[in-house]
Amino acid sequence: MRFLGNIEAKTDAKGRVFLPAVFRKVLQSSGEEKLVLRKDVFQSCLVLYPESVWNEQMDTLRQRLSRWNALHQQIFRQFVADVEVVTLDGNGRFLIPKRYLKMAQIDQTVKFVGMGDTIEIWRSTENDGPFMEAGAFGRALEEIMGSSTDNGL
C-alpha cells in the first residue's frame, strides 16, 4: 500500500471532507474499509492509518513496552486513547471531529499528503508548512543518500 501525492481539499461546515480519489483507490485495491485517525506525535497534523497499518503499529509499540512499567503504560495509553475510527460514506467523505480540527489548527482547506502507508492531513497554508525549502531538501537528501556506498548506478 503506497499513498503518494499532495492534494488540497475543503471541509464542509460539519467538518466532513472527501478523501482524494487517488487515495480511495489505494484503499480499495488493498481491501481496507476502516481508517484510524489520530494527531501526529511530533507535528501539528492529523494522520490517517489504514486499519491494518494501525494494527501493525499497535503490535510494534506493545512489543517494545512492558505492561509492568508505569511509564510504558502511560505512553501506550496516550498513543491509543485519542484515536477515532473512520469509515468513508458512500461518496468517499469522512468526518474530522471538531477536536481534531482544533488540534491541527485546520480551518476549511486541508492538504492531504501521502506518506507511503499513511496519509497526513495538514492545515493548508500559503507557505506549505509540511515541506522543506527546496535547497534545504536537496542538501538533506544528498547528505542522507550520498553517504551510502551504493550510489544506485
# chains A, B, ... in the order shown; residues from 1 in each chain; ligands from 1
$ residues_around --residues "Phe112 (chain A)" --least-positions-apart "2" --cutoff "12 Å" --atoms "only C-alpha atoms" --output "number ranges by chain"
A: 3-11, 17-23, 45-48, 109-110, 114-115, 118-124, 128, 130
$ write_last_selection --atoms "C-alpha atoms" --output "mmCIF file, in the first residue's frame"
data_model
loop_
_atom_site.group_PDB
_atom_site.id
_atom_site.type_symbol
_atom_site.label_atom_id
_atom_site.label_comp_id
_atom_site.auth_asym_id
_atom_site.auth_seq_id
_atom_site.Cartn_x
_atom_site.Cartn_y
_atom_site.Cartn_z
ATOM 1 C CA PHE A 3 -0.077 6.637 -0.710
ATOM 2 C CA LEU A 4 1.730 9.243 -2.788
ATOM 3 C CA GLY A 5 0.994 12.843 -3.617
ATOM 4 C CA ASN A 6 -0.136 16.140 -2.205
ATOM 5 C CA ILE A 7 -3.788 17.101 -2.718
ATOM 6 C CA GLU A 8 -5.824 20.023 -1.376
ATOM 7 C CA ALA A 9 -9.475 19.704 -0.338
ATOM 8 C CA LYS A 10 -12.088 21.658 1.601
ATOM 9 C CA THR A 11 -14.046 20.654 4.672
ATOM 10 C CA VAL A 17 -14.066 16.114 3.746
ATOM 11 C CA PHE A 18 -13.681 13.965 0.639
ATOM 12 C CA LEU A 19 -10.751 11.599 0.790
ATOM 13 C CA PRO A 20 -8.974 12.185 -2.540
ATOM 14 C CA ALA A 21 -9.934 9.605 -5.177
ATOM 15 C CA VAL A 22 -6.314 8.520 -5.703
ATOM 16 C CA PHE A 23 -6.097 7.552 -2.007
ATOM 17 C CA CYS A 45 -1.121 17.463 11.571
ATOM 18 C CA LEU A 46 -3.503 14.523 11.626
ATOM 19 C CA VAL A 47 -2.616 11.038 10.439
ATOM 20 C CA LEU A 48 -4.952 8.538 8.780
ATOM 21 C CA THR A 109 -8.859 23.990 3.451
ATOM 22 C CA VAL A 110 -6.737 20.915 4.105
ATOM 23 C CA GLY A 114 0.616 10.627 1.018
ATOM 24 C CA MET A 115 3.310 9.220 3.298
ATOM 25 C CA THR A 118 -0.323 6.550 5.955
ATOM 26 C CA ILE A 119 -1.953 9.827 4.926
ATOM 27 C CA GLU A 120 -1.246 13.096 6.699
ATOM 28 C CA ILE A 121 -3.842 15.869 6.863
ATOM 29 C CA TRP A 122 -2.388 19.359 7.207
ATOM 30 C CA ARG A 123 -3.830 22.797 7.524
ATOM 31 C CA SER A 124 -3.385 24.287 4.093
ATOM 32 C CA ASP A 128 3.481 24.869 2.519
ATOM 33 C CA PRO A 130 4.797 20.375 5.894
#
$ residues_around --residues "region 91-98 of chain A" --least-positions-apart "2" --cutoff "7 Å" --atoms "only C-alpha atoms" --output "list in words"
Gly15, Arg16, Val17, Phe18, Leu19, Val86, Thr87, Leu88, Asp89, Tyr100, Leu101 and Lys102 of chain A
$ select_by_dssp --residues "chain A" --states "helix (DSSP H, G or I)" --output "PDB file with N, CA and C atoms, in the first residue's frame"
ATOM      1  N   ALA A  21      -9.642  10.838  -4.436  1.00  0.00           N
ATOM      2  CA  ALA A  21      -9.934   9.605  -5.177  1.00  0.00           C
ATOM      3  C   ALA A  21      -8.699   8.720  -5.319  1.00  0.00           C
ATOM      4  N   VAL A  22      -7.528   9.315  -5.539  1.00  0.00           N
ATOM      5  CA  VAL A  22      -6.314   8.520  -5.703  1.00  0.00           C
ATOM      6  C   VAL A  22      -6.022   7.713  -4.436  1.00  0.00           C
ATOM      7  N   PHE A  23      -6.305   8.269  -3.256  1.00  0.00           N
ATOM      8  CA  PHE A  23      -6.097   7.552  -2.007  1.00  0.00           C
ATOM      9  C   PHE A  23      -7.197   6.511  -1.782  1.00  0.00           C
ATOM     10  N   ARG A  24      -8.433   6.833  -2.190  1.00  0.00           N
ATOM     11  CA  ARG A  24      -9.526   5.853  -2.066  1.00  0.00           C
ATOM     12  C   ARG A  24      -9.235   4.622  -2.909  1.00  0.00           C
ATOM     13  N   LYS A  25      -8.670   4.819  -4.100  1.00  0.00           N
ATOM     14  CA  LYS A  25      -8.335   3.679  -4.965  1.00  0.00           C
ATOM     15  C   LYS A  25      -7.308   2.772  -4.315  1.00  0.00           C
ATOM     16  N   VAL A  26      -6.318   3.356  -3.658  1.00  0.00           N
ATOM     17  CA  VAL A  26      -5.305   2.561  -2.963  1.00  0.00           C
ATOM     18  C   VAL A  26      -5.964   1.737  -1.853  1.00  0.00           C
ATOM     19  N   LEU A  27      -6.853   2.365  -1.095  1.00  0.00           N
ATOM     20  CA  LEU A  27      -7.550   1.652  -0.021  1.00  0.00           C
ATOM     21  C   LEU A  27      -8.396   0.510  -0.578  1.00  0.00           C
ATOM     22  N   GLN A  28      -9.142   0.791  -1.640  1.00  0.00           N
ATOM     23  CA  GLN A  28      -9.999  -0.222  -2.227  1.00  0.00           C
ATOM     24  C   GLN A  28      -9.200  -1.390  -2.769  1.00  0.00           C
ATOM     25  N   SER A  29      -8.101  -1.115  -3.435  1.00  0.00           N
ATOM     26  CA  SER A  29      -7.295  -2.198  -4.003  1.00  0.00           C
ATOM     27  C   SER A  29      -6.638  -3.036  -2.912  1.00  0.00           C
ATOM     28  N   SER A  30      -6.487  -2.461  -1.717  1.00  0.00           N
ATOM     29  CA  SER A  30      -5.903  -3.196  -0.585  1.00  0.00           C
ATOM     30  C   SER A  30      -6.970  -3.860   0.274  1.00  0.00           C
ATOM     31  N   GLU A  51      -6.582   0.516   8.687  1.00  0.00           N
ATOM     32  CA  GLU A  51      -6.716  -0.311   9.891  1.00  0.00           C
ATOM     33  C   GLU A  51      -5.583  -1.326  10.033  1.00  0.00           C
ATOM     34  N   SER A  52      -5.166  -1.959   8.941  1.00  0.00           N
ATOM     35  CA  SER A  52      -4.096  -2.960   9.037  1.00  0.00           C
ATOM     36  C   SER A  52      -2.765  -2.309   9.451  1.00  0.00           C
ATOM     37  N   VAL A  53      -2.489  -1.115   8.957  1.00  0.00           N
ATOM     38  CA  VAL A  53      -1.261  -0.403   9.320  1.00  0.00           C
ATOM     39  C   VAL A  53      -1.327   0.012  10.791  1.00  0.00           C
ATOM     40  N   TRP A  54      -2.477   0.506  11.226  1.00  0.00           N
ATOM     41  CA  TRP A  54      -2.654   0.868  12.631  1.00  0.00           C
ATOM     42  C   TRP A  54      -2.392  -0.343  13.526  1.00  0.00           C
ATOM     43  N   ASN A  55      -2.971  -1.489  13.158  1.00  0.00           N
ATOM     44  CA  ASN A  55      -2.788  -2.700  13.966  1.00  0.00           C
ATOM     45  C   ASN A  55      -1.319  -3.102  14.047  1.00  0.00           C
ATOM     46  N   GLU A  56      -0.584  -2.954  12.943  1.00  0.00           N
ATOM     47  CA  GLU A  56       0.858  -3.245  12.959  1.00  0.00           C
ATOM     48  C   GLU A  56       1.585  -2.288  13.894  1.00  0.00           C
ATOM     49  N   GLN A  57       1.228  -0.995  13.854  1.00  0.00           N
ATOM     50  CA  GLN A  57       1.848  -0.005  14.734  1.00  0.00           C
ATOM     51  C   GLN A  57       1.577  -0.340  16.202  1.00  0.00           C
ATOM     52  N   MET A  58       0.343  -0.722  16.488  1.00  0.00           N
ATOM     53  CA  MET A  58      -0.025  -1.083  17.860  1.00  0.00           C
ATOM     54  C   MET A  58       0.773  -2.300  18.329  1.00  0.00           C
ATOM     55  N   ASP A  59       0.876  -3.303  17.477  1.00  0.00           N
ATOM     56  CA  ASP A  59       1.625  -4.513  17.829  1.00  0.00           C
ATOM     57  C   ASP A  59       3.099  -4.188  18.079  1.00  0.00           C
ATOM     58  N   THR A  60       3.690  -3.377  17.204  1.00  0.00           N
ATOM     59  CA  THR A  60       5.100  -2.999  17.358  1.00  0.00           C
ATOM     60  C   THR A  60       5.313  -2.232  18.659  1.00  0.00           C
ATOM     61  N   LEU A  61       4.448  -1.262  18.928  1.00  0.00           N
ATOM     62  CA  LEU A  61       4.578  -0.479  20.154  1.00  0.00           C
ATOM     63  C   LEU A  61       4.397  -1.366  21.382  1.00  0.00           C
ATOM     64  N   ARG A  62       3.396  -2.215  21.365  1.00  0.00           N
ATOM     65  CA  ARG A  62       3.120  -3.091  22.512  1.00  0.00           C
ATOM     66  C   ARG A  62       4.308  -4.014  22.776  1.00  0.00           C
ATOM     67  N   GLN A  63       4.962  -4.508  21.723  1.00  0.00           N
ATOM     68  CA  GLN A  63       6.113  -5.396  21.894  1.00  0.00           C
ATOM     69  C   GLN A  63       7.289  -4.674  22.552  1.00  0.00           C
ATOM     70  N   ARG A  64       7.412  -3.378  22.318  1.00  0.00           N
ATOM     71  CA  ARG A  64       8.542  -2.621  22.869  1.00  0.00           C
ATOM     72  C   ARG A  64       8.279  -2.074  24.262  1.00  0.00           C
ATOM     73  N   ALA A  70       5.228   1.535  34.633  1.00  0.00           N
ATOM     74  CA  ALA A  70       4.211   2.594  34.682  1.00  0.00           C
ATOM     75  C   ALA A  70       4.366   3.600  33.546  1.00  0.00           C
ATOM     76  N   LEU A  71       5.605   4.008  33.244  1.00  0.00           N
ATOM     77  CA  LEU A  71       5.827   4.957  32.155  1.00  0.00           C
ATOM     78  C   LEU A  71       5.409   4.343  30.815  1.00  0.00           C
ATOM     79  N   HIS A  72       5.764   3.101  30.595  1.00  0.00           N
ATOM     80  CA  HIS A  72       5.385   2.416  29.352  1.00  0.00           C
ATOM     81  C   HIS A  72       3.862   2.359  29.205  1.00  0.00           C
ATOM     82  N   GLN A  73       3.170   2.099  30.310  1.00  0.00           N
ATOM     83  CA  GLN A  73       1.706   2.060  30.258  1.00  0.00           C
ATOM     84  C   GLN A  73       1.135   3.422  29.908  1.00  0.00           C
ATOM     85  N   GLN A  74       1.724   4.492  30.457  1.00  0.00           N
ATOM     86  CA  GLN A  74       1.253   5.837  30.135  1.00  0.00           C
ATOM     87  C   GLN A  74       1.475   6.154  28.660  1.00  0.00           C
ATOM     88  N   ILE A  75       2.624   5.772  28.129  1.00  0.00           N
ATOM     89  CA  ILE A  75       2.929   6.011  26.716  1.00  0.00           C
ATOM     90  C   ILE A  75       1.928   5.273  25.834  1.00  0.00           C
ATOM     91  N   PHE A  76       1.699   4.001  26.131  1.00  0.00           N
ATOM     92  CA  PHE A  76       0.764   3.209  25.323  1.00  0.00           C
ATOM     93  C   PHE A  76      -0.645   3.795  25.411  1.00  0.00           C
ATOM     94  N   ARG A  77      -1.058   4.130  26.613  1.00  0.00           N
ATOM     95  CA  ARG A  77      -2.398   4.695  26.826  1.00  0.00           C
ATOM     96  C   ARG A  77      -2.579   5.976  26.019  1.00  0.00           C
ATOM     97  N   GLN A  78      -1.588   6.844  26.079  1.00  0.00           N
ATOM     98  CA  GLN A  78      -1.698   8.114  25.367  1.00  0.00           C
ATOM     99  C   GLN A  78      -1.724   7.898  23.856  1.00  0.00           C
ATOM    100  N   PHE A  79      -0.954   6.930  23.382  1.00  0.00           N
ATOM    101  CA  PHE A  79      -0.907   6.678  21.941  1.00  0.00           C
ATOM    102  C   PHE A  79      -2.241   6.143  21.420  1.00  0.00           C
ATOM    103  N   VAL A  80      -2.875   5.261  22.176  1.00  0.00           N
ATOM    104  CA  VAL A  80      -4.082   4.608  21.663  1.00  0.00           C
ATOM    105  C   VAL A  80      -5.390   5.245  22.107  1.00  0.00           C
ATOM    106  N   ALA A  81      -5.353   6.092  23.141  1.00  0.00           N
ATOM    107  CA  ALA A  81      -6.609   6.602  23.698  1.00  0.00           C
ATOM    108  C   ALA A  81      -7.283   7.649  22.821  1.00  0.00           C
ATOM    109  N   LYS A  98     -14.479  17.868  15.540  1.00  0.00           N
ATOM    110  CA  LYS A  98     -14.074  19.244  15.838  1.00  0.00           C
ATOM    111  C   LYS A  98     -12.812  19.312  16.693  1.00  0.00           C
ATOM    112  N   ARG A  99     -12.649  18.406  17.651  1.00  0.00           N
ATOM    113  CA  ARG A  99     -11.448  18.462  18.500  1.00  0.00           C
ATOM    114  C   ARG A  99     -10.177  18.211  17.689  1.00  0.00           C
ATOM    115  N   TYR A 100     -10.284  17.391  16.642  1.00  0.00           N
ATOM    116  CA  TYR A 100      -9.122  17.142  15.784  1.00  0.00           C
ATOM    117  C   TYR A 100      -8.834  18.346  14.892  1.00  0.00           C
ATOM    118  N   LEU A 101      -9.895  18.996  14.427  1.00  0.00           N
ATOM    119  CA  LEU A 101      -9.699  20.214  13.639  1.00  0.00           C
ATOM    120  C   LEU A 101      -8.953  21.255  14.474  1.00  0.00           C
ATOM    121  N   LYS A 102      -9.306  21.354  15.758  1.00  0.00           N
ATOM    122  CA  LYS A 102      -8.622  22.299  16.651  1.00  0.00           C
ATOM    123  C   LYS A 102      -7.172  21.887  16.866  1.00  0.00           C
ATOM    124  N   MET A 103      -6.935  20.598  17.122  1.00  0.00           N
ATOM    125  CA  MET A 103      -5.573  20.119  17.385  1.00  0.00           C
ATOM    126  C   MET A 103      -4.623  20.444  16.236  1.00  0.00           C
ATOM    127  N   ALA A 134      13.285  24.043  -0.969  1.00  0.00           N
ATOM    128  CA  ALA A 134      13.875  23.154  -1.976  1.00  0.00           C
ATOM    129  C   ALA A 134      15.373  22.939  -1.793  1.00  0.00           C
ATOM    130  N   GLY A 135      16.116  24.000  -1.536  1.00  0.00           N
ATOM    131  CA  GLY A 135      17.566  23.873  -1.361  1.00  0.00           C
ATOM    132  C   GLY A 135      17.921  23.038  -0.136  1.00  0.00           C
ATOM    133  N   ALA A 136      17.221  23.291   0.969  1.00  0.00           N
ATOM    134  CA  ALA A 136      17.470  22.526   2.202  1.00  0.00           C
ATOM    135  C   ALA A 136      17.121  21.055   1.999  1.00  0.00           C
ATOM    136  N   PHE A 137      16.038  20.808   1.258  1.00  0.00           N
ATOM    137  CA  PHE A 137      15.641  19.427   0.961  1.00  0.00           C
ATOM    138  C   PHE A 137      16.731  18.719   0.157  1.00  0.00           C
ATOM    139  N   GLY A 138      17.229  19.374  -0.866  1.00  0.00           N
ATOM    140  CA  GLY A 138      18.277  18.787  -1.699  1.00  0.00           C
ATOM    141  C   GLY A 138      19.528  18.468  -0.891  1.00  0.00           C
ATOM    142  N   ARG A 139      19.934  19.386  -0.043  1.00  0.00           N
ATOM    143  CA  ARG A 139      21.135  19.166   0.780  1.00  0.00           C
ATOM    144  C   ARG A 139      20.919  18.022   1.769  1.00  0.00           C
ATOM    145  N   ALA A 140      19.765  17.994   2.397  1.00  0.00           N
ATOM    146  CA  ALA A 140      19.474  16.929   3.369  1.00  0.00           C
ATOM    147  C   ALA A 140      19.424  15.564   2.683  1.00  0.00           C
ATOM    148  N   LEU A 141      18.795  15.508   1.519  1.00  0.00           N
ATOM    149  CA  LEU A 141      18.714  14.247   0.778  1.00  0.00           C
ATOM    150  C   LEU A 141      20.093  13.799   0.320  1.00  0.00           C
ATOM    151  N   GLU A 142      20.907  14.746  -0.139  1.00  0.00           N
ATOM    152  CA  GLU A 142      22.265  14.418  -0.561  1.00  0.00           C
ATOM    153  C   GLU A 142      23.068  13.866   0.621  1.00  0.00           C
ATOM    154  N   GLU A 143      22.900  14.484   1.786  1.00  0.00           N
ATOM    155  CA  GLU A 143      23.628  14.027   2.967  1.00  0.00           C
ATOM    156  C   GLU A 143      23.227  12.600   3.343  1.00  0.00           C
ATOM    157  N   ILE A 144      21.945  12.330   3.295  1.00  0.00           N
ATOM    158  CA  ILE A 144      21.447  11.002   3.672  1.00  0.00           C
ATOM    159  C   ILE A 144      21.795   9.965   2.604  1.00  0.00           C
ATOM    160  N   MET A 145      21.478  10.269   1.364  1.00  0.00           N
ATOM    161  CA  MET A 145      21.653   9.291   0.287  1.00  0.00           C
ATOM    162  C   MET A 145      23.081   9.256  -0.247  1.00  0.00           C
ATOM    163  N   GLY A 146      23.791  10.366  -0.190  1.00  0.00           N
ATOM    164  CA  GLY A 146      25.146  10.434  -0.711  1.00  0.00           C
ATOM    165  C   GLY A 146      26.160   9.700   0.143  1.00  0.00           C
TER     166      GLY A 146
END
$ select_by_dssp --residues "chain A" --states "strand (DSSP E)" --output "PyMOL selection string"
chain A and resi 6-10+16-18+34-39+46-50+83-87+93-95+109-114+119-123
$ closest_residue --among "A:Ile106, A:Arg38, A:Glu33, A:Asn69" --to "Pro50 (chain A)" --atoms "only C-alpha atoms"
A:Glu33
